[in-house]
$ cat query.pdb   # PDB, C-alpha atoms and all ligand atoms
ATOM      1  CA  MET W   1       0.000   0.000   0.000
ATOM      2  CA  LEU W   2       2.727   2.425   1.050
ATOM      3  CA  ARG W   3       6.456   1.912   1.269
ATOM      4  CA  THR W   4       9.639   3.837   1.887
ATOM      5  CA  GLN W   5      13.155   2.858   1.020
ATOM      6  CA  GLY W   6      16.175   4.435   2.667
ATOM      7  CA  LEU W   7      14.048   7.418   3.646
ATOM      8  CA  THR W   8      16.304  10.003   5.251
ATOM      9  CA  ARG W   9      15.908  13.627   6.287
ATOM     10  CA  GLU W  10      18.695  15.709   7.702
ATOM     11  CA  PHE W  11      18.359  19.128   9.321
ATOM     12  CA  GLY W  12      21.871  20.578   9.334
ATOM     13  CA  GLY W  13      23.917  18.046  11.275
ATOM     14  CA  LEU W  14      20.871  16.243  12.701
ATOM     15  CA  THR W  15      19.455  13.125  11.033
ATOM     16  CA  ALA W  16      15.773  13.319  11.996
ATOM     17  CA  VAL W  17      14.778  10.305   9.868
ATOM     18  CA  ASP W  18      17.539   7.817   9.238
ATOM     19  CA  SER W  19      17.369   5.349   6.304
ATOM     20  CA  VAL W  20      13.877   4.084   7.080
ATOM     21  CA  ASP W  21      12.680   1.061   5.084
ATOM     22  CA  PHE W  22       9.002   0.697   5.849
ATOM     23  CA  GLU W  23       6.035  -0.991   4.210
ATOM     24  CA  LEU W  24       2.394  -0.644   5.198
ATOM     25  CA  ASP W  25       0.038  -3.421   4.194
ATOM     26  CA  THR W  26      -3.729  -3.666   4.773
ATOM     27  CA  GLU W  27      -3.392  -3.188   8.513
ATOM     28  CA  LEU W  28      -3.458  -0.754  11.386
ATOM     29  CA  CYS W  29       0.150   0.096  12.091
ATOM     30  CA  SER W  30       1.200   2.526  14.826
ATOM     31  CA  LEU W  31       4.378   4.563  14.736
ATOM     32  CA  ILE W  32       5.641   5.347  18.220
ATOM     33  CA  GLY W  33       8.766   6.742  19.813
ATOM     34  CA  PRO W  34       9.960   9.361  22.278
ATOM     35  CA  ASN W  35       9.704  13.093  21.644
ATOM     36  CA  GLY W  36      12.041  14.043  18.827
ATOM     37  CA  ALA W  37      12.252  10.462  17.485
ATOM     38  CA  GLY W  38      11.274  11.631  13.999
ATOM     39  CA  LYS W  39       7.593  10.608  13.771
ATOM     40  CA  THR W  40       6.291  13.964  12.544
ATOM     41  CA  THR W  41       9.206  14.337  10.148
ATOM     42  CA  PHE W  42       8.458  10.849   8.785
ATOM     43  CA  PHE W  43       4.777  11.783   8.237
ATOM     44  CA  ASN W  44       5.869  15.048   6.605
ATOM     45  CA  LEU W  45       8.113  13.108   4.227
ATOM     46  CA  LEU W  46       5.277  10.727   3.333
ATOM     47  CA  THR W  47       2.839  13.526   2.541
ATOM     48  CA  GLY W  48       5.301  15.749   0.680
ATOM     49  CA  THR W  49       5.301  18.471   3.334
ATOM     50  CA  LEU W  50       9.064  17.893   3.485
ATOM     51  CA  SER W  51      11.439  16.571   0.842
ATOM     52  CA  PRO W  52      13.792  13.771   1.827
ATOM     53  CA  THR W  53      17.540  14.190   1.794
ATOM     54  CA  GLU W  54      17.635  10.641   0.398
ATOM     55  CA  GLY W  55      15.278   7.764  -0.263
ATOM     56  CA  THR W  56      11.901   7.147  -1.833
ATOM     57  CA  VAL W  57       8.204   7.037  -0.967
ATOM     58  CA  GLU W  58       5.865   4.887  -3.070
ATOM     59  CA  LEU W  59       2.107   4.459  -2.906
ATOM     60  CA  GLN W  60       0.148   1.540  -4.308
ATOM     61  CA  ARG W  61      -3.284   2.082  -5.782
ATOM     62  CA  ASP W  62      -5.223  -0.410  -7.864
ATOM     63  CA  GLY W  63      -2.234  -2.751  -7.745
ATOM     64  CA  ARG W  64       0.186  -0.237  -9.238
ATOM     65  CA  TRP W  65       3.104   1.325  -7.351
ATOM     66  CA  GLU W  66       3.765   4.989  -7.960
ATOM     67  CA  ASN W  67       6.780   6.969  -6.818
ATOM     68  CA  ILE W  68       5.419   9.976  -4.880
ATOM     69  CA  THR W  69       8.719  11.096  -3.339
ATOM     70  CA  ASP W  70       8.644  14.554  -4.854
ATOM     71  CA  ALA W  71       4.889  15.075  -4.880
ATOM     72  CA  SER W  72       3.392  18.072  -3.067
ATOM     73  CA  PRO W  73       0.929  17.550  -0.169
ATOM     74  CA  HIS W  74      -1.913  18.355  -2.553
ATOM     75  CA  GLU W  75      -0.644  15.792  -5.071
ATOM     76  CA  THR W  76      -0.132  13.067  -2.472
ATOM     77  CA  ALA W  77      -3.695  13.638  -1.218
ATOM     78  CA  SER W  78      -5.111  13.472  -4.734
ATOM     79  CA  LYS W  79      -3.196  10.210  -5.279
ATOM     80  CA  GLY W  80      -4.849   8.724  -2.188
ATOM     81  CA  LEU W  81      -2.580   9.407   0.791
ATOM     82  CA  HIS W  82      -4.761  11.248   3.280
ATOM     83  CA  ARG W  83      -3.693  12.659   6.575
ATOM     84  CA  SER W  84      -6.069  13.720   9.278
ATOM     85  CA  TYR W  85      -5.474  16.654  11.557
ATOM     86  CA  GLN W  86      -2.428  18.617  10.516
ATOM     87  CA  VAL W  87      -3.175  19.426   6.877
ATOM     88  CA  THR W  88      -6.916  19.121   7.041
ATOM     89  CA  ASN W  89      -8.723  22.361   6.462
ATOM     90  CA  VAL W  90     -11.844  22.565   8.515
ATOM     91  CA  PHE W  91     -13.830  25.634   7.519
ATOM     92  CA  PRO W  92     -14.771  26.938  10.962
ATOM     93  CA  ASN W  93     -17.750  29.006   9.861
ATOM     94  CA  SER W  94     -19.340  26.294   7.730
ATOM     95  CA  THR W  95     -21.548  23.537   9.033
ATOM     96  CA  VAL W  96     -20.179  20.110   9.781
ATOM     97  CA  LEU W  97     -22.126  18.714   6.819
ATOM     98  CA  GLU W  98     -20.890  21.428   4.479
ATOM     99  CA  ASN W  99     -17.269  20.686   5.409
ATOM    100  CA  VAL W 100     -17.622  17.039   4.422
ATOM    101  CA  ARG W 101     -19.749  17.780   1.349
ATOM    102  CA  VAL W 102     -17.150  20.231   0.012
ATOM    103  CA  ALA W 103     -14.419  17.620   0.577
ATOM    104  CA  GLU W 104     -16.540  15.093  -1.349
ATOM    105  CA  GLN W 105     -17.025  17.557  -4.165
ATOM    106  CA  ALA W 106     -13.340  18.495  -4.300
ATOM    107  CA  HIS W 107     -12.454  14.837  -4.621
ATOM    108  CA  SER W 108     -15.022  14.081  -7.293
ATOM    109  CA  ASP W 109     -13.873  13.611 -10.863
ATOM    110  CA  ASP W 110     -16.511  16.156 -11.753
ATOM    111  CA  ALA W 111     -15.001  18.842  -9.562
ATOM    112  CA  THR W 112     -14.025  20.994 -12.510
ATOM    113  CA  THR W 113     -17.497  21.048 -13.964
ATOM    114  CA  PHE W 114     -19.722  23.298 -11.908
ATOM    115  CA  TRP W 115     -23.040  22.338 -13.500
ATOM    116  CA  ARG W 116     -22.369  18.651 -13.185
ATOM    117  CA  ASN W 117     -21.569  19.269  -9.541
ATOM    118  CA  VAL W 118     -24.968  20.869  -9.137
ATOM    119  CA  ASP W 119     -26.470  17.707 -10.613
ATOM    120  CA  HIS W 120     -24.513  15.663  -8.101
ATOM    121  CA  TYR W 121     -25.264  17.900  -5.111
ATOM    122  CA  ASP W 122     -27.738  15.441  -3.592
ATOM    123  CA  GLU W 123     -25.293  12.585  -4.076
ATOM    124  CA  PHE W 124     -22.499  14.500  -2.300
ATOM    125  CA  THR W 125     -24.867  15.445   0.495
ATOM    126  CA  GLU W 126     -26.052  11.884   0.946
ATOM    127  CA  ARG W 127     -22.504  10.533   1.063
ATOM    128  CA  ALA W 128     -21.494  13.300   3.499
ATOM    129  CA  HIS W 129     -24.333  12.228   5.792
ATOM    130  CA  GLU W 130     -23.122   8.622   5.551
ATOM    131  CA  LEU W 131     -19.594   9.638   6.529
ATOM    132  CA  LEU W 132     -20.828  11.732   9.453
ATOM    133  CA  ASP W 133     -22.854   8.761  10.609
ATOM    134  CA  ARG W 134     -19.753   6.612  10.307
ATOM    135  CA  VAL W 135     -17.633   8.861  12.531
ATOM    136  CA  GLY W 136     -20.404   9.446  15.058
ATOM    137  CA  LEU W 137     -21.311  13.010  14.109
ATOM    138  CA  ALA W 138     -24.679  12.469  12.403
ATOM    139  CA  ARG W 139     -26.532  14.566  14.939
ATOM    140  CA  ARG W 140     -24.052  17.439  14.605
ATOM    141  CA  ALA W 141     -24.477  17.793  10.822
ATOM    142  CA  GLN W 142     -26.060  21.234  10.921
ATOM    143  CA  ASP W 143     -23.799  22.648  13.654
ATOM    144  CA  ILE W 144     -21.153  25.232  12.791
ATOM    145  CA  ALA W 145     -17.741  23.497  12.823
ATOM    146  CA  SER W 146     -16.170  26.031  15.192
ATOM    147  CA  THR W 147     -18.658  25.050  17.903
ATOM    148  CA  LEU W 148     -17.433  21.439  18.046
ATOM    149  CA  SER W 149     -15.399  20.104  20.951
ATOM    150  CA  HIS W 150     -11.835  18.935  20.276
ATOM    151  CA  GLY W 151     -12.972  15.325  20.158
ATOM    152  CA  ALA W 152     -15.767  16.093  17.697
ATOM    153  CA  LYS W 153     -13.357  18.137  15.537
ATOM    154  CA  ARG W 154     -10.998  15.156  15.356
ATOM    155  CA  LYS W 155     -13.961  13.091  14.129
ATOM    156  CA  LEU W 156     -14.811  15.722  11.539
ATOM    157  CA  GLU W 157     -11.218  15.709  10.317
ATOM    158  CA  VAL W 158     -11.398  11.944   9.872
ATOM    159  CA  ALA W 159     -14.696  12.290   7.959
ATOM    160  CA  ILE W 160     -13.052  14.873   5.678
ATOM    161  CA  ALA W 161     -10.102  12.537   5.091
ATOM    162  CA  LEU W 162     -12.510   9.672   4.269
ATOM    163  CA  ALA W 163     -14.335  11.935   1.800
ATOM    164  CA  GLY W 164     -11.149  11.810  -0.290
ATOM    165  CA  ASP W 165     -11.550   8.026  -0.681
ATOM    166  CA  PRO W 166      -8.049   7.336   0.633
ATOM    167  CA  ALA W 167      -5.797   4.468  -0.424
ATOM    168  CA  VAL W 168      -4.007   4.932   2.905
ATOM    169  CA  LEU W 169      -5.029   6.971   5.931
ATOM    170  CA  LEU W 170      -2.435   8.664   8.099
ATOM    171  CA  LEU W 171      -3.849   9.489  11.517
ATOM    172  CA  ASP W 172      -1.786  12.121  13.211
ATOM    173  CA  GLU W 173      -2.325  12.118  16.989
ATOM    174  CA  PRO W 174      -6.113  11.874  16.746
ATOM    175  CA  ASN W 175      -6.292  12.151  20.535
ATOM    176  CA  ALA W 176      -4.408  15.439  20.767
ATOM    177  CA  GLY W 177      -6.365  17.834  22.968
ATOM    178  CA  VAL W 178      -9.195  15.371  23.471
ATOM    179  CA  SER W 179     -10.636  14.987  26.979
ATOM    180  CA  SER W 180     -10.328  11.699  28.809
ATOM    181  CA  GLU W 181     -14.099  11.122  28.444
ATOM    182  CA  SER W 182     -13.817  11.149  24.635
ATOM    183  CA  VAL W 183     -10.741   8.916  24.359
ATOM    184  CA  ASP W 184     -12.826   5.741  24.026
ATOM    185  CA  GLU W 185     -14.842   7.310  21.207
ATOM    186  CA  ILE W 186     -11.695   8.214  19.289
ATOM    187  CA  ARG W 187     -10.347   4.725  19.883
ATOM    188  CA  ASP W 188     -13.566   3.234  18.473
ATOM    189  CA  LEU W 189     -13.297   5.564  15.504
ATOM    190  CA  ILE W 190      -9.718   4.478  14.768
ATOM    191  CA  GLU W 191     -10.778   0.831  14.889
ATOM    192  CA  ALA W 192     -13.826   1.492  12.695
ATOM    193  CA  VAL W 193     -11.886   3.243   9.909
ATOM    194  CA  ALA W 194      -9.138   0.613  10.058
ATOM    195  CA  GLU W 195     -11.707  -1.996   9.047
ATOM    196  CA  ASP W 196     -11.891  -0.351   5.626
ATOM    197  CA  TYR W 197      -8.576   1.429   5.114
ATOM    198  CA  PRO W 198      -4.903   0.737   5.756
ATOM    199  CA  VAL W 199      -4.015   3.076   8.637
ATOM    200  CA  LEU W 200      -0.707   4.453   9.870
ATOM    201  CA  LEU W 201      -1.247   5.984  13.296
ATOM    202  CA  VAL W 202       0.957   8.282  15.349
ATOM    203  CA  GLU W 203      -0.383   8.237  18.883
ATOM    204  CA  HIS W 204       1.089   8.906  22.312
ATOM    205  CA  ASN W 205      -1.633   7.072  24.230
ATOM    206  CA  MET W 206      -0.078   3.630  24.700
ATOM    207  CA  ASP W 207      -3.323   2.002  25.840
ATOM    208  CA  ILE W 208      -4.791   2.887  22.469
ATOM    209  CA  VAL W 209      -1.664   1.911  20.518
ATOM    210  CA  MET W 210      -1.318  -1.454  22.215
ATOM    211  CA  GLY W 211      -5.068  -2.071  22.117
ATOM    212  CA  VAL W 212      -5.876  -1.331  18.476
ATOM    213  CA  SER W 213      -2.719  -1.945  16.442
ATOM    214  CA  ASP W 214      -1.973  -4.985  14.303
ATOM    215  CA  ARG W 215       1.625  -3.888  14.267
ATOM    216  CA  VAL W 216       3.793  -1.322  16.047
ATOM    217  CA  VAL W 217       6.910   0.334  14.638
ATOM    218  CA  VAL W 218       9.229   2.111  17.034
ATOM    219  CA  LEU W 219      11.389   5.014  15.956
ATOM    220  CA  HIS W 220      14.332   6.143  18.046
ATOM    221  CA  GLN W 221      16.670   8.890  16.910
ATOM    222  CA  GLY W 222      15.207   8.634  13.419
ATOM    223  CA  ALA W 223      15.775   4.893  13.001
ATOM    224  CA  VAL W 224      13.454   1.900  13.370
ATOM    225  CA  ILE W 225      14.441  -0.038  16.495
ATOM    226  CA  ALA W 226      11.503  -2.462  16.599
ATOM    227  CA  ASP W 227       8.701  -3.595  14.308
ATOM    228  CA  GLY W 228       6.149  -6.262  15.186
ATOM    229  CA  PRO W 229       2.932  -7.185  16.964
ATOM    230  CA  PRO W 230       2.103  -4.994  20.009
ATOM    231  CA  ALA W 231       2.909  -7.618  22.655
ATOM    232  CA  GLU W 232       6.273  -8.398  21.083
ATOM    233  CA  VAL W 233       7.211  -4.719  20.776
ATOM    234  CA  GLN W 234       6.081  -4.034  24.317
ATOM    235  CA  ALA W 235       8.345  -6.812  25.616
ATOM    236  CA  ASN W 236      11.344  -5.661  23.575
ATOM    237  CA  PRO W 237      14.073  -4.511  26.018
ATOM    238  CA  ASP W 238      15.368  -1.859  23.586
ATOM    239  CA  VAL W 239      11.887  -0.375  23.321
ATOM    240  CA  GLN W 240      11.422  -0.491  27.070
ATOM    241  CA  SER W 241      14.591   1.478  27.656
ATOM    242  CA  ALA W 242      14.095   3.915  24.763
ATOM    243  CA  TYR W 243      10.433   4.665  25.245
ATOM    244  CA  LEU W 244       8.104   2.407  27.164
ATOM    245  CA  GLY W 245       9.955   2.218  30.476
ATOM    246  CA  GLY W 246       7.348   1.696  33.160
ATOM    247  CA  TYR W 247       4.384   1.366  30.815
ATOM    248  CA  GLU W 248       1.795  -1.118  31.992
ATOM    249  CA  PRO W 249      -1.454  -1.625  30.087
ATOM    250  CA  GLY W 250      -4.151   0.521  31.678
ATOM    251  CA  SER W 251      -1.679   2.725  33.567
ATOM    252  CA  LEU W 252      -2.491   5.618  31.299
ATOM    253  CA  ASN W 253      -0.744   8.837  32.168
ATOM    254  CA  ASP W 254      -0.713  10.587  28.815
ATOM    255  CA  GLU W 255      -1.025  14.316  29.329
ATOM    256  CA  SER W 256      -2.656  14.914  25.953
ATOM    257  CA  THR W 257      -5.755  13.032  26.948
ATOM    258  CA  ALA W 258      -6.426  15.126  30.006
ATOM    259  CA  ALA W 259      -5.307  18.478  28.732
ATOM    260  CA  GLU W 260      -8.568  20.155  27.929
ATOM    261  CA  SER W 261     -12.176  20.040  28.734
ATOM    262  CA  ASP W 262     -14.006  18.404  25.873
ATOM    263  CA  PRO W 263     -17.753  18.378  26.255
ATOM    264  CA  ASP W 264     -19.159  15.123  25.060
ATOM    265  CA  SER W 265     -20.011  15.249  21.376
ATOM    266  CA  GLY W 266     -23.048  13.231  22.301
ATOM    267  CA  GLU W 267     -22.498  10.295  20.007
ATOM    268  CA  GLY W 268     -20.350   7.240  19.710
ATOM    269  CA  THR W 269     -18.919   5.997  16.482
ATOM    270  CA  ALA W 270     -20.723   3.826  13.999
TER
HETATM  271  N1  LIG O   1      12.318  22.072  10.623
HETATM  272  C1  LIG O   1      13.228  21.556  11.439
HETATM  273  N2  LIG O   1      14.453  22.119  11.541
HETATM  274  C2  LIG O   1      15.403  21.585  12.350
HETATM  275  N3  LIG O   1      15.194  20.483  13.116
HETATM  276  C3  LIG O   1      13.999  19.902  13.062
HETATM  277  C4  LIG O   1      12.948  20.395  12.224
HETATM  278  N4  LIG O   1      11.856  19.581  12.379
HETATM  279  C5  LIG O   1      12.211  18.634  13.259
HETATM  280  N5  LIG O   1      13.490  18.822  13.671
HETATM  281  C6  LIG O   1      14.223  17.970  14.604
HETATM  282  O1  LIG O   1      14.136  16.638  14.116
HETATM  283  C7  LIG O   1      13.984  15.718  15.208
HETATM  284  C8  LIG O   1      12.727  14.895  14.985
HETATM  285  O2  LIG O   1      11.602  15.746  15.240
HETATM  286  P1  LIG O   1      10.106  15.256  15.033
HETATM  287  O3  LIG O   1       9.231  16.434  15.297
HETATM  288  O4  LIG O   1       9.978  14.582  13.738
HETATM  289  O5  LIG O   1       9.959  14.203  16.210
HETATM  290  P2  LIG O   1       8.648  13.511  16.787
HETATM  291  O6  LIG O   1       8.974  12.085  16.975
HETATM  292  O7  LIG O   1       7.486  13.848  15.935
HETATM  293  O8  LIG O   1       8.502  14.222  18.190
HETATM  294  P3  LIG O   1       7.154  14.560  19.047
HETATM  295  O9  LIG O   1       6.670  13.246  19.603
HETATM  296  O10 LIG O   1       7.671  15.466  20.109
HETATM  297  O11 LIG O   1       6.173  15.220  18.122
HETATM  298  C9  LIG O   1      13.984  16.552  16.484
HETATM  299  O12 LIG O   1      15.295  16.561  17.011
HETATM  300  C10 LIG O   1      13.589  17.929  15.997
HETATM  301  O13 LIG O   1      14.130  18.936  16.835
END
$ encode --input "query.pdb" --output "structure tokens" --more "lines below"
Ligand SMILES: Nc1ncnc2c1ncn2[C@@H]1O[C@H](COP(=O)(O)OP(=O)(O)OP(=O)(O)O)[C@@H](O)[C@H]1O
Amino acid sequence: MLRTQGLTREFGGLTAVDSVDFELDTELCSLIGPNGAGKTTFFNLLTGTLSPTEGTVELQRDGRWENITDASPHETASKGLHRSYQVTNVFPNSTVLENVRVAEQAHSDDATTFWRNVDHYDEFTERAHELLDRVGLARRAQDIASTLSHGAKRKLEVAIALAGDPAVLLLDEPNAGVSSESVDEIRDLIEAVAEDYPVLLVEHNMDIVMGVSDRVVVLHQGAVIADGPPAEVQANPDVQSAYLGGYEPGSLNDESTAAESDPDSGEGTA
């Protein structure tokens, strides 16, 4: 689905991502590592936000591999690599429904033909409702996006990413800023979208990572130090000393999940 070979990014004398060979299959794979390990830089290299110093990024769609190393973020998205959160544009003054409908329309092959879009308006609207239902926001469809809680905004960002019919979904800290009460909803959402799309997840909440992932890849100082099923990675002594020292399932102490008040969005995920 997605693969990198020798992917490297240097900033001056610092190698932020160091010769990473990685391949994502039809699975939910989490990328973890301590602060500064290179996770965000790796995502930025995948999406074209940053250019690599060396190495390649390839995306598979309809059985065909395409080299997207030098593609812009817009190009990588149009080729099917969608990232929630950091590059998603939520229009704050539009309704929740309108945000998803516009994303549908932008993705449509007919996007350049205004009148045909008018013909398809009902179709886009219907599909937008389906996606909102899927992420647990059906009842918020007519609300203005800026009024959503952090947790509900994360859901909207995922719905917008799904509107692009992704080949691969990159989920970038979907729990950032989300209150502890909404963490289970976001976890359910991650699991729900992973049923239909290959997902690469960056997430600091280890209960979520260890609970939902098929596979966990650990970055340390830009390099992959472990790659395998959650239980195996969790037991890896190198990972314990580099990152997971002291982590026990259920002993959640991630600051991002308790950072802000996040009134319940009122719905679970589909
Ligand atoms: N634009 C930049 N210029 C110089 N150094 C950078 C730049 N972006 C990242 N770095 C450095 O590259 C390294 C990797 O950073 P990166 O943000 O990718 O790590 P991370 O694993 O995402 O960390 P966190 O979990 O804190 O988000 C860090 O040492 C960081 O200071």
$ resolve_selection --input "query.pdb" --expression "the PyMOL selection byres (((not hetatm)) within 6 of (chain O and resi 1))" --output "PDB file with C-alpha atoms, keeping the file's coordinate frame"
ATOM      1  CA  PHE W  11      18.359  19.128   9.321  1.00  0.00           C
ATOM      2  CA  ALA W  16      15.773  13.319  11.996  1.00  0.00           C
ATOM      3  CA  PRO W  34       9.960   9.361  22.278  1.00  0.00           C
ATOM      4  CA  ASN W  35       9.704  13.093  21.644  1.00  0.00           C
ATOM      5  CA  GLY W  36      12.041  14.043  18.827  1.00  0.00           C
ATOM      6  CA  ALA W  37      12.252  10.462  17.485  1.00  0.00           C
ATOM      7  CA  GLY W  38      11.274  11.631  13.999  1.00  0.00           C
ATOM      8  CA  LYS W  39       7.593  10.608  13.771  1.00  0.00           C
ATOM      9  CA  THR W  40       6.291  13.964  12.544  1.00  0.00           C
ATOM     10  CA  THR W  41       9.206  14.337  10.148  1.00  0.00           C
TER      11      THR W  41
END
$ resolve_selection --input "query.pdb" --expression "the PyMOL selection byres (((chain W and resi 225) around 12) and not hetatm)" --output "ChimeraX atom specification"
/W:18-22,31-34,37,216-224,226-228,233,236-243
$ residues_near_point --input "query.pdb" --point "(-15.1, 16.0, 8.6)" --cutoff "7 Å" --atoms "all atoms listed in the file" --output "list in words"
Val96, Asn99, Val100, Lys155, Leu156, Glu157, Val158, Ala159 and Ile160 of chain W
$ residues_around --input "query.pdb" --residues "Thr56 in chain W" --least-positions-apart "5" --cutoff "10 Å" --atoms "only C-alpha atoms" --output "PyMOL selection string"
chain W and resi 3-8+19-21+45-46+51+67-70
$ residues_around --input "query.pdb" --residues "Leu2 in chain W" --least-positions-apart "4" --cutoff "7 Å" --atoms "only C-alpha atoms" --output "list of chain:residue names"
W:Glu23, W:Leu24, W:Glu58, W:Leu59, W:Gln60
$ write_last_selection --input "query.pdb" --atoms "C-alpha atoms" --output "PDB file, keeping the file's coordinate frame"
ATOM      1  CA  GLU W  23       6.035  -0.991   4.210  1.00  0.00           C
ATOM      2  CA  LEU W  24       2.394  -0.644   5.198  1.00  0.00           C
ATOM      3  CA  GLU W  58       5.865   4.887  -3.070  1.00  0.00           C
ATOM      4  CA  LEU W  59       2.107   4.459  -2.906  1.00  0.00           C
ATOM      5  CA  GLN W  60       0.148   1.540  -4.308  1.00  0.00           C
TER       6      GLN W  60
END
$ atom_distance --input "query.pdb" --atom1 "CA of Ala128 in chain W" --atom2 "CA of Gly80 in chain W"
18.2 Å
$ resolve_selection --input "query.pdb" --expression "the PyMOL selection byres (((chain W and resi 213) around 9) and not hetatm)" --output "NGL selection string"
:W and (27-30 or 191 or 201 or 208-212 or 214-216 or 229-230)
$ atom_distance --input "query.pdb" --atom1 "CA of Asp143 in chain W" --atom2 "CA of Ala103 in chain W"
16.9 Å
$ closest_residue --input "query.pdb" --among "W:Ala152, W:Val90, W:Val102, W:Leu244" --to "Phe124 in chain W" --atoms "only C-alpha atoms"
W:Val102
$ atom_distance --input "query.pdb" --atom1 "CA of Pro166 in chain W" --atom2 "CA of Val199 in chain W"
9.9 Å
$ residues_around --input "query.pdb" --residues "Ser84 in chain W" --least-positions-apart "3" --cutoff "8 Å" --atoms "all atoms listed in the file" --output "list in words"
Val87, Thr88, Arg154, Glu157, Val158, Ile160, Ala161, Leu169, Leu170, Leu171, Asp172 and Pro174 of chain W
$ closest_residue --input "query.pdb" --among "W:Met1, W:Ala231, W:Leu162, W:Leu50" --to "Arg101 in chain W" --atoms "all atoms listed in the file"
W:Leu162
$ closest_residue --input "query.pdb" --among "W:Tyr197, W:Phe43, W:Phe91, W:Tyr247" --to "Leu148 in chain W" --atoms "all atoms listed in the file"
W:Phe91
$ closest_residue --input "query.pdb" --among "W:Val178, W:Ala138, W:Ala77, W:Ala167" --to "Ala194 in chain W" --atoms "only C-alpha atoms"
W:Ala167
$ closest_residue --input "query.pdb" --among "W:Glu126, W:Thr53, W:Glu98, W:Arg187" --to "Leu14 in chain W" --atoms "all atoms listed in the file"
W:Thr53
$ closest_residue --input "query.pdb" --among "W:Gln105, W:Arg9, W:Ser94, W:Glu185" --to "Ala141 in chain W" --atoms "all atoms listed in the file"
W:Ser94
$ decode --input "query.pdb" --residues "range 159-187 of chain W" --atoms "C-alpha atoms" --output "compact mmCIF listing (two decimals), in the first residue's frame"
# COMPACT_ATOMS: atom_id res chain seq x y z
CA ALA W 159 -14.70 12.29 7.96
CA ILE W 160 -13.05 14.87 5.68
CA ALA W 161 -10.10 12.54 5.09
CA LEU W 162 -12.51 9.67 4.27
CA ALA W 163 -14.33 11.94 1.80
CA GLY W 164 -11.15 11.81 -0.29
CA ASP W 165 -11.55 8.03 -0.68
CA PRO W 166 -8.05 7.34 0.63
CA ALA W 167 -5.80 4.47 -0.42
CA VAL W 168 -4.01 4.93 2.91
CA LEU W 169 -5.03 6.97 5.93
CA LEU W 170 -2.43 8.66 8.10
CA LEU W 171 -3.85 9.49 11.52
CA ASP W 172 -1.79 12.12 13.21
CA GLU W 173 -2.32 12.12 16.99
CA PRO W 174 -6.11 11.87 16.75
CA ASN W 175 -6.29 12.15 20.53
CA ALA W 176 -4.41 15.44 20.77
CA GLY W 177 -6.37 17.83 22.97
CA VAL W 178 -9.20 15.37 23.47
CA SER W 179 -10.64 14.99 26.98
CA SER W 180 -10.33 11.70 28.81
CA GLU W 181 -14.10 11.12 28.44
CA SER W 182 -13.82 11.15 24.64
CA VAL W 183 -10.74 8.92 24.36
CA ASP W 184 -12.83 5.74 24.03
CA GLU W 185 -14.84 7.31 21.21
CA ILE W 186 -11.70 8.21 19.29
CA ARG W 187 -10.35 4.72 19.88
